[in-house]
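Chemist: There's a structure below that I have some questions on.
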Amino acid sequence: MNPGVATRVAATRVLDAVLHHGRSLKTTLAAALPALADPRDRALVEAIVFTALRQHARFDAALAQWLEKPPVGRDSELRALLYTGFAQRELGLPAHALVAATVDAARALGRPHQSGLVNAILRRAQREGLPEVDDAAAWPPWLAERIRQDWPRDADAIFVASARAAPMWLRVNPRDGSRDDYLQRLTDAGIDATASPEAVDAIRLATPLPVHDLPGFDAGTVSVQDAAAQRVADALPPARGARVLDACAAPGGKAAHLLERDPSLRLTALDIDPRRVRRMQDTFARLGLDVDTRAGDAAQPADWWDGTAFDAILIDAPCSATGIVRRQPDVLLHRRETDIAALNKIQSDLLDGLWPLLIPGGTLLYATCSILHAENTTQIQAFLARTPDAVLELLGASFGHDTGFGSQRLPGELGMDGFFQARLRKA
Ligand SMILES: C[S@@+](CC[C@H](N)C(=O)[O-])C[C@H]1O[C@@H](n2cnc3c(N)ncnc32)[C@H](O)[C@@H]1O
């Protein structure tokens, strides 16, 4: 199969799996991309898939207008193929090339009888353009409603930011030189980037790049991490040599940042998922960090804790990921309303289970990449009400909106992801 057709076939299969079969975008892409040898082909597949998922409500509206019966059931793959075509148009690919390659992909997918239809629909999209829909239309109605309730003044900006591609942020390892030094290395390599005024180790690239094209990436000089997540190291800062628990640590970005800033920390990095623990070990190996990694359920310390209390605990809790829809657009397809109550239970079990492991005077930082009050401010309010020796400490305006029970950065603000943090001191 020629590469032009192979990329459209791969994008269609990934989209079909994610849109119609409940598969996760990250794992489906990770399985599909290695089959394409040329990094430019892999980048094109990613671009098509992300564009189609971000704009699926718009593409749906086009099919509803242009087809008597939009494709369903065994024809769901046809829908995914048409989305692949629409996405290429949005990416600005030349009309002739995109129509020809997508029609050829219909044949390669064993749908020669539908190639005429694909040709006609894609030509119509070129002629008439795709209908405009509100960015909120990409959100399931129950979730859009929650966002409007929780953030009445900011909801529209949240929907807009969540429909756009996120910038690529880097975290510079201070052990390998200053951020200014690294900015100079980027400039020398012809890579356009700017420093974040808020996150002191963060650099924002003007255009995303494959990580291996970054000077010093393989040597651990730099990592990829959103600037909002980098503020955890500012919110927590453990004292030198402190005993720290990162309770939900994989794939290890925040633990690595803490250790890059202060290698004297005695850090335990725990995660419930053994496969993710192995990924985290790879991260630490690339960065040359020696970390005590463990697999276990943080809410059940009897299974993994040695009985020595921690000076600081980070709970980067599993959550709805509603703050990072721009990076994981499939969140809007897969999230169910019942998930939120289940996540709330895990989050409160983690808070209750880990609080006794903190020394008096110690700090617990609770963080999520959610923008729902139920997982953030309400969770902390309830924890404070049932935990008499927990005291909330203010983080300051540079961490985002003060919700009364923590700080919320909303998606897109200062180019950052949506992220919540609350710092609790043990009396
Ligand atoms: C938001 S991610 C953590 C990201 C990580 N802190 C970083 O910066 O790279 C949440 C993690 O919590 C883990 N997790 C979920 N429930 C857990 C539990 N009960 N105990 C420990 N880890 C858990 C998940 O496997 C997942 O890796």
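Order determines the names: the first chain of the structure tokens is A, the second B, and so forth; residues in each chain are numbered 1 upward, and ligands are numbered 1 upward as they are shown.
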Find the residues near ligand 1. Use a cut-off of 9 Å, count only C-alpha atoms and all ligand atoms, and write them as a ChimeraX atom specification.
Modeler: /A:225,229-230,246-257,269-277,280,295-300,314-319,321,346-347,349-350,367-369
Chemist: Using DSSP on the backbone coordinates, identify all residues within segment 340-426 of chain A classified as helix (DSSP H, G or I); present the result as a ChimeraX atom specification.
Modeler: /A:340-357,373-375,377-386,397-399,413-415
Chemist: For Asp16 of chain A, work out the shell of residues within 8 Å, counting only C-alpha atoms and skipping chain neighbours fewer than 3 positions away, then give it as an mmCIF file with N, CA and C atoms, in the first residue's frame.
Modeler:
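What follows is the written file result33.cif:
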```cif
data_model
loop_
_atom_site.group_PDB
_atom_site.id
_atom_site.type_symbol
_atom_site.label_atom_id
_atom_site.label_comp_id
_atom_site.auth_asym_id
_atom_site.auth_seq_id
_atom_site.Cartn_x
_atom_site.Cartn_y
_atom_site.Cartn_z
ATOM 1 N N THR A 12 -8.164 6.125 9.798
ATOM 2 C CA THR A 12 -9.558 5.666 9.810
ATOM 3 C C THR A 12 -9.762 4.567 10.848
ATOM 4 N N ARG A 13 -8.817 3.633 10.896
ATOM 5 C CA ARG A 13 -8.962 2.516 11.854
ATOM 6 C C ARG A 13 -8.879 3.014 13.295
ATOM 7 N N LEU A 19 -13.976 6.176 18.224
ATOM 8 C CA LEU A 19 -15.319 6.775 18.132
ATOM 9 C C LEU A 19 -16.433 5.756 18.347
ATOM 10 N N HIS A 20 -16.215 4.534 17.841
ATOM 11 C CA HIS A 20 -17.341 3.602 17.785
ATOM 12 C C HIS A 20 -17.177 2.356 18.651
ATOM 13 N N HIS A 21 -15.966 2.115 19.140
ATOM 14 C CA HIS A 21 -15.756 0.881 19.903
ATOM 15 C C HIS A 21 -15.184 1.141 21.286
ATOM 16 N N SER A 76 -19.819 1.972 10.324
ATOM 17 C CA SER A 76 -19.181 2.983 11.175
ATOM 18 C C SER A 76 -17.786 3.329 10.651
ATOM 19 N N GLU A 77 -17.126 2.347 10.025
ATOM 20 C CA GLU A 77 -15.799 2.612 9.470
ATOM 21 C C GLU A 77 -15.867 3.644 8.340
ATOM 22 N N ARG A 79 -17.933 6.130 8.283
ATOM 23 C CA ARG A 79 -18.005 7.431 8.973
ATOM 24 C C ARG A 79 -16.587 7.895 9.364
ATOM 25 N N ALA A 80 -15.819 6.939 9.920
ATOM 26 C CA ALA A 80 -14.448 7.278 10.333
ATOM 27 C C ALA A 80 -13.612 7.709 9.123
#
```
Chemist: So what do you get for atom CA of Asn173 of chain A versus atom CA of Ala30 of chain A, distance-wise?
Modeler: 26.8 Å
Chemist: Taking the chain letters and numbering used in this document, name the residues of segment 120-203 of chain A that DSSP puts in strand (DSSP E or B), as an NGL selection string.
Modeler: :A and (168-172 or 193-195 or 202-203)
Chemist: Could the residues in this selection be written to a file with C-alpha atoms, as an mmCIF file, in the first residue's frame?
Modeler:
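Okay, selection_0.cif is ready:
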```
data_model
loop_
_atom_site.group_PDB
_atom_site.id
_atom_site.type_symbol
_atom_site.label_atom_id
_atom_site.label_comp_id
_atom_site.auth_asym_id
_atom_site.auth_seq_id
_atom_site.Cartn_x
_atom_site.Cartn_y
_atom_site.Cartn_z
ATOM 1 C CA MET A 168 4.095 21.622 23.862
ATOM 2 C CA TRP A 169 5.735 22.555 27.177
ATOM 3 C CA LEU A 170 9.175 21.456 28.286
ATOM 4 C CA ARG A 171 10.648 21.135 31.757
ATOM 5 C CA VAL A 172 14.332 21.962 31.953
ATOM 6 C CA ALA A 193 10.455 28.896 22.147
ATOM 7 C CA THR A 194 9.628 31.167 25.104
ATOM 8 C CA ALA A 195 10.073 30.896 28.877
ATOM 9 C CA ALA A 202 9.049 25.721 31.868
ATOM 10 C CA ILE A 203 9.595 26.526 28.195
#
```
Chemist: Just how far from atom CA of Gly418 of chain A is atom CA of Gly400 of chain A, in Å to one decimal?
Modeler: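 About the pair atom CA of Gly400 of chain A and atom CA of Gly418 of chain A: they are 9.5 Å apart.
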Chemist: Could you check the closest approach to Ile359 of chain A for each of A:Leu214, A:Val133, A:Ala390, A:Leu259 and tell me which residue wins, using only C-alpha atoms?
Modeler: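 Among A:Leu214, A:Val133, A:Ala390, A:Leu259, it is A:Ala390 that comes nearest to Ile359 of chain A.
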Chemist: My list of candidates is A:Ile191, A:Ala227, A:Leu351, A:Ala62. Which is closest to Glu128 of chain A when distances are computed with only C-alpha atoms?
Modeler: A:Ala62
Chemist: Skipping near chain neighbours, those fewer than 4 positions away, what residues fall within 12 Å of Gln65 of chain A using only C-alpha atoms, listed as a PyMOL selection string?
Modeler: chain A and resi 58-61+69-70+121+124-125+128+130-131
Chemist: Write the selection just made, keeping N, CA, C and O atoms, as a CSV table (one decimal), in the first residue's frame?
Modeler:
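Produced file again14.csv, reproduced below:
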```csv
chain,number,residue,atom,x,y,z
A,58,ARG,N,-18.9,18.8,14.7
A,58,ARG,CA,-19.0,19.5,13.4
A,58,ARG,C,-19.1,18.6,12.2
A,58,ARG,O,-20.0,18.7,11.3
A,59,PHE,N,-18.3,17.5,12.3
A,59,PHE,CA,-18.3,16.5,11.2
A,59,PHE,C,-19.6,15.8,11.2
A,59,PHE,O,-20.2,15.4,10.2
A,60,ASP,N,-20.1,15.5,12.4
A,60,ASP,CA,-21.4,14.8,12.6
A,60,ASP,C,-22.5,15.7,11.9
A,60,ASP,O,-23.4,15.1,11.2
A,61,ALA,N,-22.5,17.0,12.2
A,61,ALA,CA,-23.5,17.9,11.6
A,61,ALA,C,-23.5,17.9,10.1
A,61,ALA,O,-24.5,17.9,9.5
A,69,LYS,N,-29.1,8.9,5.5
A,69,LYS,CA,-28.9,8.0,6.6
A,69,LYS,C,-27.4,8.0,7.0
A,69,LYS,O,-26.7,7.3,6.4
A,70,PRO,N,-27.0,8.7,8.0
A,70,PRO,CA,-25.6,8.7,8.4
A,70,PRO,C,-25.1,7.3,8.7
A,70,PRO,O,-25.9,6.5,9.3
A,121,ILE,N,-18.9,13.2,-1.2
A,121,ILE,CA,-19.0,13.9,0.1
A,121,ILE,C,-17.8,14.8,0.3
A,121,ILE,O,-17.9,16.0,0.7
A,124,ARG,N,-18.0,17.8,-1.9
A,124,ARG,CA,-19.0,18.8,-1.3
A,124,ARG,C,-18.4,19.6,-0.2
A,124,ARG,O,-18.7,20.8,-0.1
A,125,ALA,N,-17.7,18.9,0.7
A,125,ALA,CA,-17.1,19.6,1.8
A,125,ALA,C,-16.1,20.7,1.3
A,125,ALA,O,-16.0,21.8,1.8
A,128,GLU,N,-18.6,23.5,-0.2
A,128,GLU,CA,-19.5,24.3,0.7
A,128,GLU,C,-18.9,24.6,2.0
A,128,GLU,O,-19.4,25.4,2.8
A,130,LEU,N,-17.6,23.1,5.9
A,130,LEU,CA,-18.3,22.3,6.9
A,130,LEU,C,-19.1,23.2,7.8
A,130,LEU,O,-18.7,24.4,8.0
A,131,PRO,N,-20.3,22.8,8.3
A,131,PRO,CA,-21.1,23.7,9.1
A,131,PRO,C,-20.4,24.1,10.4
A,131,PRO,O,-19.5,23.3,10.9
```
Chemist: Write out as a list in words each polymer residue whose atoms come within 6 Å of segment 331-345 of chain A, counting only C-alpha atoms; drop sequence neighbours fewer than 3 positions from it.
Modeler: Trp139, Gln328, Ser348 and Glu375 of chain A
Chemist: Hey, can you spit out that residue selection with C-alpha atoms as a compact mmCIF listing (two decimals), in the first residue's frame?
Modeler:
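Below you can see result14.txt, which holds the result:
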```txt
# COMPACT_ATOMS: atom_id res chain seq x y z
CA TRP A 139 -19.20 17.79 25.25
CA GLN A 328 -7.09 13.80 25.35
CA SER A 348 -11.62 10.43 49.23
CA GLU A 375 -13.39 16.25 42.39
```
Chemist: Would you mind reading off the distance between atom CA of Ile380 of chain A and atom CA of Leu265 of chain A, one decimal, in Å?
Modeler: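 Distance between the two atoms: 26.6 Å.
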Chemist: With only C-alpha atoms as the basis for distance, which of A:Thr187, A:Thr51, A:Ser223, A:Gln421 is at the shortest distance from Ala206 of chain A?
Modeler: A:Thr187
Chemist: List as a list in words the protein and nucleic acid residues near Leu44 of chain A, meaning an atom at most 9 Å away when only C-alpha atoms are counted, but skip any in the same chain fewer than 5 places from it.
Modeler: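 The filter keeps Thr7, Arg8, Ala11, Pro39 and Val49 of chain A.
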Chemist: Quick one: residues within 10 Å of Leu358 of chain A, only C-alpha atoms counted, chain neighbours fewer than 5 positions away excluded, as an MDAnalysis selection string?
Modeler: chainID A and resid 243:245 308:313 363:364 425:426
Chemist: Any chance you could export the current selection's N, CA, C and O atoms as a PDB file, in the first residue's frame?
Modeler:
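For reference, part08.pdb as written:
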```pdb
ATOM      1  N   ARG A 243      11.488  13.273  53.579  1.00  0.00           N
ATOM      2  CA  ARG A 243      10.968  11.968  53.141  1.00  0.00           C
ATOM      3  C   ARG A 243       9.620  12.248  52.471  1.00  0.00           C
ATOM      4  O   ARG A 243       8.680  12.739  53.113  1.00  0.00           O
ATOM      5  N   VAL A 244       9.550  11.936  51.172  1.00  0.00           N
ATOM      6  CA  VAL A 244       8.378  12.331  50.372  1.00  0.00           C
ATOM      7  C   VAL A 244       7.722  11.088  49.777  1.00  0.00           C
ATOM      8  O   VAL A 244       8.417  10.194  49.277  1.00  0.00           O
ATOM      9  N   LEU A 245       6.394  11.072  49.801  1.00  0.00           N
ATOM     10  CA  LEU A 245       5.642  10.024  49.102  1.00  0.00           C
ATOM     11  C   LEU A 245       4.902  10.647  47.921  1.00  0.00           C
ATOM     12  O   LEU A 245       4.118  11.582  48.104  1.00  0.00           O
ATOM     13  N   THR A 308       7.322   4.208  58.595  1.00  0.00           N
ATOM     14  CA  THR A 308       7.968   5.500  58.887  1.00  0.00           C
ATOM     15  C   THR A 308       7.176   6.609  58.205  1.00  0.00           C
ATOM     16  O   THR A 308       6.970   6.554  56.975  1.00  0.00           O
ATOM     17  N   ALA A 309       6.780   7.619  58.995  1.00  0.00           N
ATOM     18  CA  ALA A 309       5.899   8.658  58.446  1.00  0.00           C
ATOM     19  C   ALA A 309       6.635   9.534  57.428  1.00  0.00           C
ATOM     20  O   ALA A 309       7.866   9.611  57.426  1.00  0.00           O
ATOM     21  N   PHE A 310       5.873  10.184  56.560  1.00  0.00           N
ATOM     22  CA  PHE A 310       6.424  11.057  55.508  1.00  0.00           C
ATOM     23  C   PHE A 310       6.328  12.523  55.932  1.00  0.00           C
ATOM     24  O   PHE A 310       5.368  12.936  56.599  1.00  0.00           O
ATOM     25  N   ASP A 311       7.304  13.321  55.474  1.00  0.00           N
ATOM     26  CA  ASP A 311       7.262  14.770  55.713  1.00  0.00           C
ATOM     27  C   ASP A 311       6.315  15.447  54.721  1.00  0.00           C
ATOM     28  O   ASP A 311       5.755  16.513  55.014  1.00  0.00           O
ATOM     29  N   ALA A 312       6.192  14.866  53.555  1.00  0.00           N
ATOM     30  CA  ALA A 312       5.322  15.452  52.524  1.00  0.00           C
ATOM     31  C   ALA A 312       4.724  14.335  51.688  1.00  0.00           C
ATOM     32  O   ALA A 312       5.391  13.316  51.427  1.00  0.00           O
ATOM     33  N   ILE A 313       3.462  14.534  51.291  1.00  0.00           N
ATOM     34  CA  ILE A 313       2.777  13.543  50.451  1.00  0.00           C
ATOM     35  C   ILE A 313       2.131  14.287  49.286  1.00  0.00           C
ATOM     36  O   ILE A 313       1.479  15.324  49.484  1.00  0.00           O
ATOM     37  N   THR A 363       3.115  18.270  55.083  1.00  0.00           N
ATOM     38  CA  THR A 363       2.256  18.854  54.035  1.00  0.00           C
ATOM     39  C   THR A 363       1.732  17.774  53.115  1.00  0.00           C
ATOM     40  O   THR A 363       2.511  16.918  52.651  1.00  0.00           O
ATOM     41  N   LEU A 364       0.446  17.828  52.807  1.00  0.00           N
ATOM     42  CA  LEU A 364      -0.128  16.955  51.778  1.00  0.00           C
ATOM     43  C   LEU A 364      -0.653  17.841  50.661  1.00  0.00           C
ATOM     44  O   LEU A 364      -1.408  18.775  50.909  1.00  0.00           O
ATOM     45  N   ARG A 425      -1.959  21.256  55.606  1.00  0.00           N
ATOM     46  CA  ARG A 425      -0.914  21.079  56.629  1.00  0.00           C
ATOM     47  C   ARG A 425      -1.519  20.275  57.785  1.00  0.00           C
ATOM     48  O   ARG A 425      -2.672  20.490  58.149  1.00  0.00           O
ATOM     49  N   LYS A 426      -0.740  19.352  58.334  1.00  0.00           N
ATOM     50  CA  LYS A 426      -1.215  18.579  59.480  1.00  0.00           C
ATOM     51  C   LYS A 426      -0.874  19.355  60.768  1.00  0.00           C
ATOM     52  O   LYS A 426       0.294  19.694  60.977  1.00  0.00           O
TER      53      LYS A 426
END
```
Chemist: Using only C-alpha atoms, which of A:Leu209, A:Ala302, A:Leu33, A:Ala105 sits nearest Ala6 of chain A?
Modeler: A:Ala105
Chemist: Point out the residue among A:Ala165, A:Ala228, A:Leu67, A:Leu53 with the least atom-to-atom distance to Leu414 of chain A, counting only C-alpha atoms.
Modeler: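 That would be A:Ala228, the residue with the smallest distance to Leu414 of chain A.
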Chemist: Between A:Gly129, A:Gly241, A:Gly412, A:Pro215, which one has atoms that come closest to Ile158 of chain A, using only C-alpha atoms?
Modeler: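 Nearest candidate to Ile158 of chain A out of A:Gly129, A:Gly241, A:Gly412, A:Pro215: A:Gly412.
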